[in-house]
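Chemist: So that we are looking at the same thing, I have put the structure below in C-alpha cells.
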Amino acid sequence: MSVDTLEKLLIDELKDLYSAEHQITKALPKIAKAAANPELKSALESHLAETLGQVQRLDKIGEILGKSLKGKTCEGMKGVLTEGASVLEEVASGNIRDAGIISAAQRVEHYEMAGYGAVREYAGLLGMKQVAALLDETLHEEKAADQKLTKIAKSVNADAMSVAV
Ligand SMILES: [Fe+2]
C-alpha cells in the first residue's frame with residue numbers, strides 16, 4: 001500500500017481531480033455547442049472559463065506542495081462524461097436534449113463537489129491553510145454552477161414538458 005498517510009491520500013485525490021478538470025475542459029465546448037437554450041449555453045461556456053481557472057488553481061496547489069499532479073486518469077469522470085456524450089447522440093435536439101444536458105452536467109458538478117469537499121477537509125486537517133483556501137474557492141464555484149443549473153432546469157424542463165408526444 002503506497003497511500004498510507006492522509007497527505008498521500010490528499011495528493012492521490014488531487015491527481016484525480018486534476019485529471020477530471022482536464023477531461024471537463026475538453027468535453028464542455030462540445031456540450032455547450034449542443035445546448036439550444038441560450039441561458040444554458042452561456043452557463044456552460046462560463047463554466048468552461050471557470051474550469052480553466054480551476055486547473056490553474058490545481059497547478060498552484062501542486063507548486064505549493066512540491067508535487068506534480070499529472071499522470072493519473074480519473075476513471076469516474078471519464079464514465080460520467082461518456083454518459084453525458086451519449087445524451088448528445090441519443091436525445092433529440094432542443095428542449096429535451098437541454099434537459100438531458102443539465103442532468104449530465106449536474107452529475108459532473110456533484111462528482112466534483114464530493115472530490116473537492118474531501119480534499120479541502122484533508123488539507124485543513126493537515127494544517128495546509130493556503131491549499132485548503134484554494135480548494136474551498138473551487139468548491140464554491142462548483143456549488144454555484146450546480147445551483148445555476150438547477151435554476152435553468154426549471155424553465156428548460158417546463159419547455160420540455162410542452163414538447164408534443
Ligand atoms: Fe471543476
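Convention: chains lettered A, B, ... in C-alpha cells order; per-chain residue numbering from 1; ligands numbered from 1 as shown.
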Please, which residues of chain A, numbered as in this document, come out helix (DSSP H, G or I) from DSSP, as a ChimeraX atom specification?

Modeler: /A:6-34,38-65,75-90,95-125,129-161

Chemist: Need the shell around region 84-96 of chain A: protein/DNA/RNA residues with any atom at most 6 Å away, counting only C-alpha atoms. Skip same-chain ones fewer than 6 positions apart. Format as an MDAnalysis selection string?

Modeler: chainID A and resid 36 104 160

Chemist: With N, CA and C atoms retained, export the selected residues as a PDB file, in the first residue's frame.

Modeler:
```pdb
ATOM      1  N   ALA A  36     -29.393  24.171 -26.770  1.00  0.00           N
ATOM      2  CA  ALA A  36     -30.223  25.097 -27.553  1.00  0.00           C
ATOM      3  C   ALA A  36     -30.591  26.346 -26.748  1.00  0.00           C
ATOM      4  N   ALA A 104     -26.831  15.714 -17.056  1.00  0.00           N
ATOM      5  CA  ALA A 104     -25.452  15.219 -17.186  1.00  0.00           C
ATOM      6  C   ALA A 104     -24.463  16.188 -16.545  1.00  0.00           C
ATOM      7  N   ALA A 160     -39.610  21.489 -21.971  1.00  0.00           N
ATOM      8  CA  ALA A 160     -39.538  20.086 -22.426  1.00  0.00           C
ATOM      9  C   ALA A 160     -40.882  19.389 -22.243  1.00  0.00           C
TER      10      ALA A 160
END
```

Chemist: Around ligand 1, at most 9 Å away and counting only C-alpha atoms and all ligand atoms, which residues are there? Put them as a VMD selection string, please.

Modeler: chain A and resid 17 20 to 22 24 to 25 47 to 48 50 to 55 108 to 109 112 to 113 116 138 to 139 141 to 142

Chemist: Please list as an MDAnalysis selection string every residue within 10 Å of Arg107 (chain A), counting only C-alpha atoms and excluding residues in the same chain fewer than 3 positions away.

Modeler: chainID A and resid 77 80:81 83:84 101:104 110:113 146

Chemist: With distances taken over only C-alpha atoms, which of A:Lys78, A:Arg120, A:Arg57, A:Lys151 is nearest to Glu7 (chain A)?

Modeler: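 Looking only at the distances to Glu7 (chain A), the closest residue turns out to be A:Arg120.
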
Chemist: What is the distance, in Å and to one decimal place, between CA of Leu58 (chain A) and CA of Ala145 (chain A)?

Modeler: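 These atoms are spaced 18.3 Å apart.
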